[in-house]
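Shown here: upload-v6.txt, compact mmCIF, C-alpha atoms.
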# COMPACT_ATOMS: atom_id res chain seq x y z
CA GLY A 15 23.41 4.95 17.22
CA ARG A 16 20.16 3.45 15.90
CA VAL A 17 20.31 0.38 13.66
CA PRO A 18 17.84 0.10 10.74
CA LYS A 19 15.51 -2.88 10.98
CA CYS A 20 13.29 -2.34 7.93
CA VAL A 21 13.89 -0.38 4.73
CA ASP A 22 11.38 0.42 1.96
CA ILE A 23 12.55 1.97 -1.32
CA ARG A 24 9.93 3.32 -3.75
CA ILE A 25 10.66 4.79 -7.19
CA ASN A 26 8.18 6.05 -9.78
CA ALA A 27 9.04 7.66 -13.13
CA GLY A 28 6.99 10.16 -15.10
CA MET A 29 5.67 8.87 -18.42
CA ASP A 30 6.43 12.04 -20.39
CA ASN A 31 10.13 11.17 -20.62
CA THR A 32 12.42 9.53 -23.15
CA TRP A 33 11.80 5.79 -23.37
CA GLY A 34 14.10 3.74 -25.60
CA VAL A 35 13.91 0.07 -26.53
CA GLY A 36 16.94 -0.62 -24.30
CA THR A 37 15.17 0.87 -21.29
CA VAL A 38 12.06 -1.22 -21.91
CA GLN A 39 14.16 -4.37 -22.40
CA SER A 40 15.95 -3.84 -19.09
CA VAL A 41 12.57 -3.40 -17.41
CA MET A 42 11.14 -6.57 -18.95
CA LYS A 43 14.27 -8.68 -18.35
CA TYR A 44 13.08 -9.89 -14.94
CA CYS A 45 9.34 -9.48 -15.57
CA GLY A 46 7.68 -12.63 -14.24
CA VAL A 47 11.00 -13.97 -12.88
CA ARG A 48 11.33 -15.02 -9.25
CA TYR A 49 14.31 -13.46 -7.47
CA GLY A 50 15.76 -13.04 -3.97
CA ASN A 51 14.94 -15.03 -0.86
CA ASP A 52 11.57 -13.36 -0.20
CA GLY A 53 9.72 -15.09 -3.04
CA CYS A 54 9.24 -11.85 -4.98
CA VAL A 55 8.37 -12.03 -8.67
CA GLY A 56 9.34 -9.23 -11.03
CA TRP A 57 6.59 -6.63 -11.59
CA ARG A 58 4.05 -8.23 -9.28
CA GLY A 59 2.94 -7.29 -5.79
CA LEU A 60 1.20 -4.14 -7.01
CA SER A 61 0.50 -1.44 -4.45
CA ARG A 62 -0.56 2.19 -4.52
CA GLU A 63 1.89 4.55 -2.84
CA SER A 64 1.76 8.20 -1.86
CA PHE A 65 4.79 10.34 -2.70
CA PRO A 66 5.54 13.78 -1.22
CA GLY A 67 4.98 16.52 -3.77
CA THR A 68 2.45 14.57 -5.87
CA LEU A 69 -1.32 14.95 -5.80
CA SER A 70 -2.32 11.36 -6.53
CA ARG A 71 -1.06 7.95 -5.49
CA ARG A 72 0.98 5.95 -7.97
CA ILE A 73 1.21 2.21 -8.62
CA VAL A 74 4.50 0.42 -7.95
CA ALA A 75 5.51 -3.25 -8.17
CA ASP A 76 8.33 -5.53 -7.02
CA VAL A 77 11.61 -5.04 -8.90
CA SER A 78 15.05 -6.64 -8.70
CA THR A 79 17.85 -4.27 -7.64
CA PRO A 80 21.18 -4.69 -5.78
CA ASP A 81 19.95 -2.57 -2.85
CA PRO A 82 18.72 -5.42 -0.58
CA VAL A 83 22.01 -7.32 -0.96
CA VAL A 84 24.14 -4.25 -0.29
CA LEU A 85 22.08 -3.14 2.71
CA ARG A 86 22.05 -6.61 4.29
CA GLU A 87 25.83 -6.78 3.98
CA GLN A 88 26.10 -3.36 5.63
CA PHE A 89 23.48 -4.10 8.32
CA PRO A 90 23.36 -7.86 9.12
CA SER A 91 20.47 -7.35 11.57
CA LEU A 92 18.22 -5.90 8.85
CA GLU A 93 14.91 -7.79 8.96
CA SER A 94 13.38 -6.69 5.66
CA CYS A 95 14.22 -4.61 2.61
CA SER A 96 11.54 -3.98 0.00
CA VAL A 97 12.14 -2.31 -3.35
CA LYS A 98 9.23 -1.36 -5.59
CA ALA A 99 9.18 0.79 -8.71
CA GLY A 100 6.80 1.83 -11.44
CA VAL A 101 5.71 4.47 -13.91
CA GLU A 102 3.13 7.18 -13.50
CA ASN A 103 0.64 5.81 -16.02
CA GLN A 104 -1.51 3.21 -14.25
CA ALA A 105 -2.58 1.53 -17.50
CA ALA A 106 1.06 0.87 -18.37
CA MET A 107 1.64 -0.66 -14.93
CA LEU A 108 -1.34 -2.99 -15.34
CA VAL A 109 -0.06 -4.05 -18.79
CA ILE A 110 3.39 -4.85 -17.37
CA ALA A 111 1.86 -6.80 -14.47
CA ALA A 112 -0.29 -8.79 -16.92
CA MET A 113 2.82 -9.60 -18.97
CA SER A 114 4.49 -10.85 -15.78
CA TYR A 115 1.74 -13.44 -15.33
CA LEU A 116 1.82 -14.32 -19.04
CA ARG A 117 5.51 -15.10 -18.80
CA SER A 118 4.87 -17.53 -15.95
CA VAL A 119 2.02 -19.23 -17.81
CA LEU A 120 3.42 -19.28 -21.35
CA GLY A 121 7.14 -19.27 -20.58
CA ILE A 122 7.91 -16.71 -23.30
CA ARG A 123 10.89 -14.35 -23.34
CA LEU A 124 9.82 -10.76 -22.82
CA GLU A 125 13.17 -9.11 -23.58
CA ASP A 126 12.89 -9.34 -27.37
CA LYS A 127 9.72 -8.93 -29.46
CA PRO A 128 7.34 -8.20 -26.54
CA SER A 129 9.63 -5.36 -25.42
CA GLU A 130 9.56 -3.84 -28.90
CA LEU A 131 5.76 -4.09 -28.99
CA LEU A 132 5.49 -2.49 -25.54
CA HIS A 133 7.86 0.29 -26.65
CA ARG A 134 5.71 0.96 -29.73
CA TRP A 135 2.60 1.05 -27.54
CA ILE A 136 4.25 3.61 -25.23
CA LEU A 137 5.21 5.78 -28.21
CA SER A 138 1.72 5.49 -29.70
CA GLN A 139 0.23 6.71 -26.41
CA ARG A 140 2.64 9.66 -26.12
CA TRP A 141 0.08 12.23 -27.21
CA LEU A 142 -2.41 10.94 -24.64
CA MET A 143 0.18 10.64 -21.88
CA ARG A 144 1.09 14.29 -22.25
CA LEU A 145 -2.50 15.13 -21.33
CA VAL A 146 -2.72 12.89 -18.27
CA SER A 147 0.94 12.35 -17.32
CA SER A 148 3.99 14.44 -16.54
CA SER A 149 7.78 14.31 -16.53
CA VAL A 150 7.92 14.27 -12.73
CA GLY A 151 9.90 11.41 -11.20
CA VAL A 152 9.70 10.62 -7.50
CA MET A 153 11.60 8.49 -5.02
CA LYS A 154 11.36 7.90 -1.29
CA VAL A 155 13.41 5.83 1.13
CA SER A 156 11.70 4.96 4.42
CA VAL A 157 13.58 3.39 7.34
CA VAL A 158 12.38 2.08 10.72
CA SER A 159 15.00 1.69 13.44
CA ASP A 160 15.17 -0.70 16.36
CA GLY A 161 14.57 0.10 20.04
CA ASN A 162 11.65 0.28 22.47
CA ASP A 163 10.52 3.52 20.80
CA PRO A 164 11.32 2.86 17.13
CA LEU A 165 11.92 5.84 14.89
CA ARG A 166 10.83 6.29 11.28
CA TYR A 167 13.06 8.28 8.93
CA GLU A 168 11.96 9.19 5.42
CA TYR A 169 13.96 10.81 2.65
CA SER A 170 12.09 11.78 -0.50
CA LEU A 171 13.16 13.22 -3.83
CA LEU A 172 11.09 14.92 -6.53
CA ALA A 173 12.63 15.49 -9.97
CA GLU A 174 10.77 17.74 -12.43
CA HIS A 175 11.22 18.63 -16.12
CA GLY A 176 12.55 15.18 -16.97
CA ASP A 177 15.57 15.38 -14.63
CA GLY A 178 14.78 12.06 -12.96
CA PRO A 179 17.05 9.90 -15.19
CA LYS A 180 20.01 12.09 -14.15
CA VAL A 181 19.68 11.10 -10.49
CA PRO A 182 21.11 7.51 -10.63
CA CYS A 183 24.20 8.59 -12.58
CA SER A 184 25.01 11.58 -10.34
CA PRO A 185 27.29 9.62 -7.93
CA CYS A 186 29.30 8.31 -10.91
CA VAL A 187 29.72 11.84 -12.26
CA LEU A 188 30.89 13.09 -8.86
CA LEU A 189 33.43 10.27 -8.56
CA ALA A 190 34.68 10.93 -12.10
CA GLU A 191 35.17 14.60 -11.23
CA ARG A 192 37.11 13.68 -8.08
CA MET A 193 39.38 11.37 -10.03
CA TRP A 194 40.00 14.03 -12.67
CA ARG A 195 40.78 16.70 -10.06
CA ALA A 196 43.04 14.32 -8.16
CA SER A 197 44.99 13.58 -11.33
CA LYS A 198 45.41 17.32 -11.97
CA LYS A 199 46.22 18.46 -8.43
CA GLY A 200 48.30 15.54 -7.23
CA SER A 201 47.76 14.05 -3.80
CA GLY A 202 45.82 16.97 -2.33
CA GLN A 203 42.47 15.20 -2.67
CA ARG A 204 43.71 11.64 -2.17
CA ARG A 205 43.55 9.49 0.88
CA GLU A 206 46.71 8.43 2.68
CA GLU A 207 46.74 5.13 0.81
CA GLY A 208 46.73 7.03 -2.47
CA ARG A 209 43.15 6.38 -3.62
CA VAL A 210 40.35 8.81 -4.36
CA ASP A 211 37.69 9.12 -1.65
CA THR A 212 34.70 7.17 -2.99
CA ALA A 213 32.26 8.20 -0.24
CA VAL A 214 29.39 10.26 -1.70
CA SER A 215 26.98 11.72 0.84
CA ILE A 216 23.45 13.00 0.31
CA GLN A 217 24.75 16.51 0.91
CA ASP A 218 27.32 16.06 -1.88
CA LEU A 219 24.56 15.03 -4.29
CA GLU A 220 22.25 17.89 -3.32
CA GLU A 221 25.06 20.42 -3.81
CA TYR A 222 25.87 18.89 -7.20
CA TRP A 223 22.23 19.07 -8.35
CA GLN A 224 22.05 22.69 -7.28
CA GLU A 225 25.26 23.56 -9.14
CA MET A 226 23.95 21.88 -12.30
CA GLY A 227 20.64 23.76 -12.07
CA LEU A 228 18.57 20.57 -12.00
CA SER A 229 14.93 20.74 -10.90
CA ILE A 230 15.41 18.31 -8.03
CA THR A 231 14.02 18.97 -4.56
CA THR A 232 14.43 16.81 -1.47
CA ARG A 233 12.90 16.61 1.98
CA SER A 234 13.35 14.46 5.06
CA SER A 235 11.42 13.72 8.25
CA LEU A 236 12.06 11.88 11.52
CA ARG A 237 9.42 10.83 14.03
CA THR A 238 8.37 7.98 16.29
CA PHE A 239 6.95 4.91 14.54
CA ARG A 240 3.56 3.95 16.00
CA SER A 241 1.36 0.93 15.38
CA PRO A 242 -1.78 1.69 13.29
CA LEU A 243 -3.88 0.03 16.00
CA ILE A 244 -2.62 2.57 18.56
CA GLU A 245 -3.43 5.41 16.17
CA CYS A 246 -6.93 4.01 15.62
CA ILE A 247 -8.15 3.25 19.16
CA GLY A 248 -5.96 5.76 21.01
CA ASP A 249 -3.27 5.42 23.65
CA GLN A 250 -5.66 5.02 26.59
CA GLN A 251 -7.66 2.16 25.03
CA PHE A 252 -4.48 0.50 23.77
CA LYS A 253 -3.09 0.44 27.33
CA ARG A 254 -6.20 -1.49 28.43
CA LEU A 255 -5.46 -4.33 25.99
CA SER A 256 -4.02 -7.52 27.42
CA PRO A 257 -0.20 -7.67 27.15
CA ALA A 258 -0.40 -10.60 24.72
CA ILE A 259 -2.77 -8.84 22.31
CA ALA A 260 -0.83 -5.58 22.48
CA LYS A 261 2.45 -7.38 21.74
CA ALA A 262 0.93 -9.49 18.97
CA HIS A 263 -0.30 -6.44 17.05
CA ALA A 264 2.79 -4.28 17.48
CA TRP A 265 5.60 -4.40 14.94
CA GLY A 266 7.80 -7.45 15.41
CA GLY A 267 4.95 -9.43 16.99
CA LYS A 268 4.90 -13.20 16.39
CA CYS A 269 2.10 -15.67 17.11
CA GLU A 270 1.43 -19.37 16.66
CA GLY A 271 -1.72 -21.38 17.10
CA GLU A 272 -4.53 -23.18 15.31
CA LEU A 273 -7.29 -21.69 13.18
CA GLN A 274 -10.13 -23.25 11.24
CA VAL A 275 -10.74 -21.59 7.89
CA THR A 276 -14.40 -21.21 6.96
CA GLY A 277 -16.09 -20.30 3.72
CA SER A 278 -19.21 -20.45 1.60
CA LYS A 279 -20.67 -23.70 0.32
CA ASN A 280 -21.42 -22.02 -3.01
CA PRO A 281 -18.79 -23.26 -5.54
CA LEU A 282 -18.82 -19.93 -7.40
CA VAL A 283 -18.10 -18.02 -4.20
CA ARG A 284 -15.31 -20.46 -3.34
CA LEU A 285 -13.84 -19.98 -6.80
CA ALA A 286 -13.95 -16.21 -6.34
CA MET A 287 -12.19 -16.46 -2.95
CA TRP A 288 -9.53 -18.71 -4.50
CA ALA A 289 -8.98 -16.17 -7.28
CA LEU A 290 -8.52 -13.46 -4.62
CA GLY A 291 -5.84 -15.52 -2.90
CA LYS A 292 -7.80 -16.56 0.20
CA PRO A 293 -6.86 -19.86 1.93
CA PRO A 294 -9.35 -22.69 1.21
CA PRO A 295 -11.77 -23.82 3.95
CA THR A 296 -10.77 -26.62 6.34
CA SER A 297 -12.81 -29.21 8.22
CA SER A 298 -10.77 -28.75 11.41
CA PRO A 299 -8.22 -26.31 12.86
CA ILE A 300 -4.77 -26.28 11.23
CA PRO A 301 -1.44 -24.82 12.42
CA VAL A 302 -1.01 -21.10 11.76
CA SER A 303 1.84 -18.67 12.33
CA VAL A 304 1.50 -14.88 12.20
CA LYS A 305 4.28 -12.32 11.88
CA VAL A 306 3.98 -8.52 12.01
CA VAL A 307 6.56 -6.65 9.92
CA PRO A 308 6.91 -2.84 9.85
CA MET A 309 6.04 -1.15 6.57
CA PRO A 310 8.03 2.11 6.64
CA ALA A 311 6.84 3.40 3.25
CA LYS A 312 3.19 3.58 4.35
CA GLU A 313 3.72 4.08 8.09
CA GLY A 314 1.93 0.81 8.75
CA VAL A 315 2.54 -2.88 9.35
CA THR A 316 2.25 -6.03 7.28
CA PHE A 317 0.53 -9.12 8.68
CA GLN A 318 1.94 -12.36 7.26
CA ARG A 319 -0.38 -15.28 8.11
CA THR A 320 0.88 -18.73 7.12
CA PHE A 321 -1.71 -21.55 7.15
CA THR A 322 -0.07 -25.01 7.06
CA TYR A 323 -2.32 -27.54 5.30
CA PRO A 324 -1.65 -31.26 5.95
CA LYS A 325 -1.43 -32.18 2.26
CA LYS A 326 -1.20 -28.91 0.33
CA GLY A 327 1.50 -27.36 2.48
CA PRO A 328 1.73 -23.69 3.54
CA LYS A 329 -0.58 -20.99 2.21
CA THR A 330 0.28 -17.37 3.06
CA LEU A 331 -2.24 -14.56 3.42
CA ILE A 332 -0.65 -11.10 3.55
CA SER A 333 -2.37 -7.82 4.34
CA GLU A 334 -1.34 -4.27 5.20
CA TRP A 335 -2.62 -2.17 8.10
CA VAL A 336 -2.38 1.59 7.58
CA MET A 337 -4.12 4.71 8.81
CA HIS A 338 -5.95 6.63 6.08
CA ASN A 339 -8.25 9.64 6.52
CA GLY A 340 -8.34 9.07 10.26
CA GLY A 341 -9.42 5.41 10.04
CA LEU A 342 -7.79 2.00 10.09
CA HIS A 343 -7.58 0.33 6.66
CA GLU A 344 -6.53 -3.22 5.81
CA THR A 345 -5.44 -3.87 2.23
CA PHE A 346 -4.95 -7.17 0.39
CA ASP A 347 -2.93 -7.31 -2.86
CA GLY A 348 -2.78 -3.53 -3.01
CA PHE A 349 -6.44 -3.09 -4.05
CA GLN A 350 -8.85 -5.06 -1.82
CA THR A 351 -9.28 -2.58 1.02
CA VAL A 352 -11.41 -2.70 4.17
CA GLY A 353 -12.07 0.37 6.31
CA PHE A 354 -12.51 -0.42 10.02
CA GLU A 355 -13.95 1.11 13.14
CA ALA A 356 -12.12 -0.27 16.17
CA ARG A 357 -12.85 -0.27 19.88
CA GLU A 358 -11.36 -1.88 22.98
CA ASN A 359 -13.46 -4.64 24.55
CA ASN A 360 -12.54 -6.20 27.94
CA GLY A 361 -8.83 -6.40 27.22
CA GLY A 362 -9.35 -7.29 23.57
CA PHE A 363 -10.77 -5.35 20.66
CA ILE A 364 -13.45 -5.53 17.98
CA LEU A 365 -13.12 -4.41 14.37
CA VAL A 366 -16.21 -3.71 12.26
CA GLY A 367 -15.75 -2.55 8.69
CA ARG A 368 -16.70 -2.75 5.06
CA SER A 369 -14.79 -2.98 1.81
CA THR A 370 -13.71 0.27 0.18
CA TRP A 371 -12.70 -0.73 -3.33
CA PRO A 372 -11.29 2.08 -5.52
CA LEU A 373 -14.30 1.80 -7.86
CA PRO A 374 -16.91 4.39 -6.81
CA GLU A 375 -18.95 3.76 -9.95
CA LEU A 376 -19.65 0.21 -8.69
CA PRO A 377 -21.10 0.79 -5.20
CA TRP A 378 -22.26 -2.81 -4.83
CA LEU A 379 -18.61 -3.81 -4.35
CA ASN A 380 -18.65 -1.82 -1.10
CA LEU A 381 -21.35 -4.02 0.46
CA VAL A 382 -18.86 -6.57 1.78
CA ARG A 383 -18.86 -6.53 5.59
CA VAL A 384 -16.04 -7.61 7.90
CA TYR A 385 -16.21 -8.46 11.61
CA ALA A 386 -13.17 -9.34 13.71
CA SER A 387 -13.06 -10.11 17.42
CA VAL A 388 -9.91 -10.60 19.51
CA VAL A 389 -10.55 -11.87 23.07
CA PRO A 390 -7.84 -12.58 25.69
CA THR A 391 -7.92 -15.98 27.43
CA ASN A 392 -4.75 -15.98 29.57
CA ASN A 393 -1.35 -14.29 29.74
CA ASN A 394 -0.08 -15.38 26.31
CA ASN A 395 -3.15 -16.68 24.50
CA PHE A 396 -6.14 -15.06 22.84
CA ASP A 397 -9.08 -16.17 20.70
CA LEU A 398 -9.58 -14.82 17.21
CA ASP A 399 -12.78 -14.76 15.13
CA VAL A 400 -12.84 -13.15 11.66
CA ARG A 401 -15.86 -13.23 9.33
CA VAL A 402 -16.28 -11.67 5.88
CA SER A 403 -19.82 -11.63 4.46
CA ALA A 404 -21.98 -10.00 1.80
CA PRO A 405 -25.75 -9.43 1.43
CA LEU A 406 -27.70 -12.25 -0.28
CA VAL A 407 -24.53 -14.38 -0.37
CA GLY A 408 -23.73 -14.75 3.31
CA LEU A 409 -20.33 -15.88 4.52
CA LEU A 410 -17.51 -15.37 2.03
CA PHE A 411 -14.44 -16.18 4.05
CA GLY A 412 -13.29 -16.37 7.65
CA TYR A 413 -11.19 -18.11 10.26
CA LYS A 414 -11.61 -18.87 13.96
CA GLY A 415 -9.37 -20.31 16.66
CA TRP A 416 -6.63 -19.39 19.12
CA LEU A 417 -3.16 -17.86 18.97
CA LYS A 418 -0.35 -17.41 21.46
CA VAL A 419 2.51 -14.93 21.46
CA VAL A 420 5.98 -16.38 20.87
CA ASP A 421 9.38 -14.73 21.24

Transcribe the structure of this file into structure tokens.
Amino acid sequence: GRVPKCVDIRINAGMDNTWGVGTVQSVMKYCGVRYGNDGCVGWRGLSRESFPGTLSRRIVADVSTPDPVVLREQFPSLESCSVKAGVENQAAMLVIAAMSYLRSVLGIRLEDKPSELLHRWILSQRWLMRLVSSSVGVMKVSVVSDGNDPLRYEYSLLAEHGDGPKVPCSPCVLLAERMWRASKKGSGQRREEGRVDTAVSIQDLEEYWQEMGLSITTRSSLRTFRSPLIECIGDQQFKRLSPAIAKAHAWGGKCEGELQVTGSKNPLVRLAMWALGKPPPTSSPIPVSVKVVPMPAKEGVTFQRTFTYPKKGPKTLISEWVMHNGGLHETFDGFQTVGFEARENNGGFILVGRSTWPLPELPWLNLVRVYASVVPTNNNNFDLDVRVSAPLVGLLFGYKGWLKVVD
């Protein structure tokens, strides 16, 4: 009886598989092309995802598929549907992402000659990929339902020995078999209206894969979806938060208010913050809206902060909150990550953390410090103060002001 509110679909293919020019052309067809109503651009929005049955996380990016359209038609109340895909080799993913930006800047077609060059590069790296890659393809579908106690359901699939490409065509094969059997046996397997039953369940697919001897294993899980902030500070401290702050940081929370964006006076630092997608500093508070969206694939939430500038218009800052190794982590653009220690403070909370970039050989990148304070003021309002700084440089970026919870 539960209705899905958010759906995340993640697919990642092993590199030690057959890659033809046609496959690469289909991949590059929407590379750098904006699609859908969510402002997604093909092969951007990189993020690192964990898949059941794999030892390391893999990079995925935004892709255009019919799934969001089909699911929204089936479930009109669906709030979000995210589809990301990629390949196991991280270098290949970075090359494709770079080509996505090149298409936007240069306006070149990537389906023709660039696809052939990319295909040759993949073939030339085959010997190396066999040393560092595999033929294992993975997929997971994560769903968060509605309700006061939302549930998270995850279905994952792991295909070994190069059997991954056989998964998408399996429903078509099953339907073809049904049509053939119906034509041989008459109306025994037909519906009353005389048509073949086109419903293919997960159980039907799993039985088919087992009959064909394919190396495909599946698993599923169902549990309560909890906010990362609750997991970090604990149930008892979370209950001591003011109702407004607790509601604002739970999934589905919405806030409006005014924040003043601050930053360094150093032009080089400002340029670096602009390159990292941070909103530019303001001389006075500006309108801001914040929305918290569940992120089923990572068991976390996404904070979408929209700063409305008087002349430049809206600027959106998006980050992900997830629990990792027992601590709260906030990630920007899939790679800029901050690890926090959180504690309740007089109905609000304080976050103190530092950046944890995935580059251990460059420890100076981990010197960035982050301080965030959330203080309740009345029933629906609270003050917010966020500061990001670094040694010798000082303030890098921040914002300060007030927010109120809206329905």

Which of A:Pro18, A:Gly271, A:Gly367, A:Pro179 sits closest to Val400 in chain A [using only C-alpha atoms]: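 Once distances to Val400 in chain A are computed over only C-alpha atoms, the minimum belongs to A:Gly367.
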
Selected residue, from A:Ser241, A:Ser78, A:Ser197, A:Ser184, that lies nearest to Leu228 in chain A when counting only C-alpha atoms: A:Ser184

Close residues, Pro301 in chain A itself excluded, 9 Å, all atoms listed in the file, min 5 positions apart in chain, as a ChimeraX atom specification: /A:270-274,320-323

Nearest to Ala258 in chain A by atom-to-atom distance, counting all atoms listed in the file, from A:Leu172, A:Val47, A:Val389, A:Leu409: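 Among the listed residues, A:Val389 lies closest to Ala258 in chain A.
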
Pro390 in chain A surroundings by all atoms listed in the file, 8 Å radius, close-in-sequence under 4 positions cut, as a list in words: Ser256, Ala258, Ile259, Gly361, Gly362, Asn395, Phe396 and Asp397 of chain A

Point (7.9, -8.3, 14.1) neighbourhood (12 Å, all atoms listed in the file) written as a PDB file with C-alpha atoms, in the frame of the given file:
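Generated file (part.pdb):
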ATOM      1  CA  LYS A  19      15.510  -2.880  10.980  1.00  0.00           C
ATOM      2  CA  CYS A  20      13.290  -2.340   7.930  1.00  0.00           C
ATOM      3  CA  LEU A  92      18.220  -5.900   8.850  1.00  0.00           C
ATOM      4  CA  GLU A  93      14.910  -7.790   8.960  1.00  0.00           C
ATOM      5  CA  SER A  94      13.380  -6.690   5.660  1.00  0.00           C
ATOM      6  CA  VAL A 158      12.380   2.080  10.720  1.00  0.00           C
ATOM      7  CA  ASP A 160      15.170  -0.700  16.360  1.00  0.00           C
ATOM      8  CA  SER A 241       1.360   0.930  15.380  1.00  0.00           C
ATOM      9  CA  LYS A 261       2.450  -7.380  21.740  1.00  0.00           C
ATOM     10  CA  ALA A 262       0.930  -9.490  18.970  1.00  0.00           C
ATOM     11  CA  HIS A 263      -0.300  -6.440  17.050  1.00  0.00           C
ATOM     12  CA  ALA A 264       2.790  -4.280  17.480  1.00  0.00           C
ATOM     13  CA  TRP A 265       5.600  -4.400  14.940  1.00  0.00           C
ATOM     14  CA  GLY A 266       7.800  -7.450  15.410  1.00  0.00           C
ATOM     15  CA  GLY A 267       4.950  -9.430  16.990  1.00  0.00           C
ATOM     16  CA  LYS A 268       4.900 -13.200  16.390  1.00  0.00           C
ATOM     17  CA  CYS A 269       2.100 -15.670  17.110  1.00  0.00           C
ATOM     18  CA  VAL A 304       1.500 -14.880  12.200  1.00  0.00           C
ATOM     19  CA  LYS A 305       4.280 -12.320  11.880  1.00  0.00           C
ATOM     20  CA  VAL A 306       3.980  -8.520  12.010  1.00  0.00           C
ATOM     21  CA  VAL A 307       6.560  -6.650   9.920  1.00  0.00           C
ATOM     22  CA  PRO A 308       6.910  -2.840   9.850  1.00  0.00           C
ATOM     23  CA  MET A 309       6.040  -1.150   6.570  1.00  0.00           C
ATOM     24  CA  VAL A 315       2.540  -2.880   9.350  1.00  0.00           C
ATOM     25  CA  THR A 316       2.250  -6.030   7.280  1.00  0.00           C
ATOM     26  CA  PHE A 317       0.530  -9.120   8.680  1.00  0.00           C
ATOM     27  CA  GLN A 318       1.940 -12.360   7.260  1.00  0.00           C
ATOM     28  CA  VAL A 419       2.510 -14.930  21.460  1.00  0.00           C
ATOM     29  CA  VAL A 420       5.980 -16.380  20.870  1.00  0.00           C
ATOM     30  CA  ASP A 421       9.380 -14.730  21.240  1.00  0.00           C
TER      31      ASP A 421
END

Interatomic distance (Å, one decimal) between CA of Glu344 in chain A and CA of Thr330 in chain A: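 Between these atoms lies a distance of 15.9 Å.
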
A:Ser303, A:Ser278, A:Thr345, A:Ser387 ranked by distance to Ser403 in chain A, top pick (using only C-alpha atoms): A:Ser278

Among the residues A:Gln104, A:Gln250, A:Gln350, A:Ser91, the one that comes closest to Asn26 in chain A [using all atoms listed in the file]: A:Gln104

Near-Val382 in chain A list (12 Å; all atoms listed in the file; drop same-chain fewer than 6 positions) as a PyMOL selection string: chain A and resi 350-353+366-371+401-411
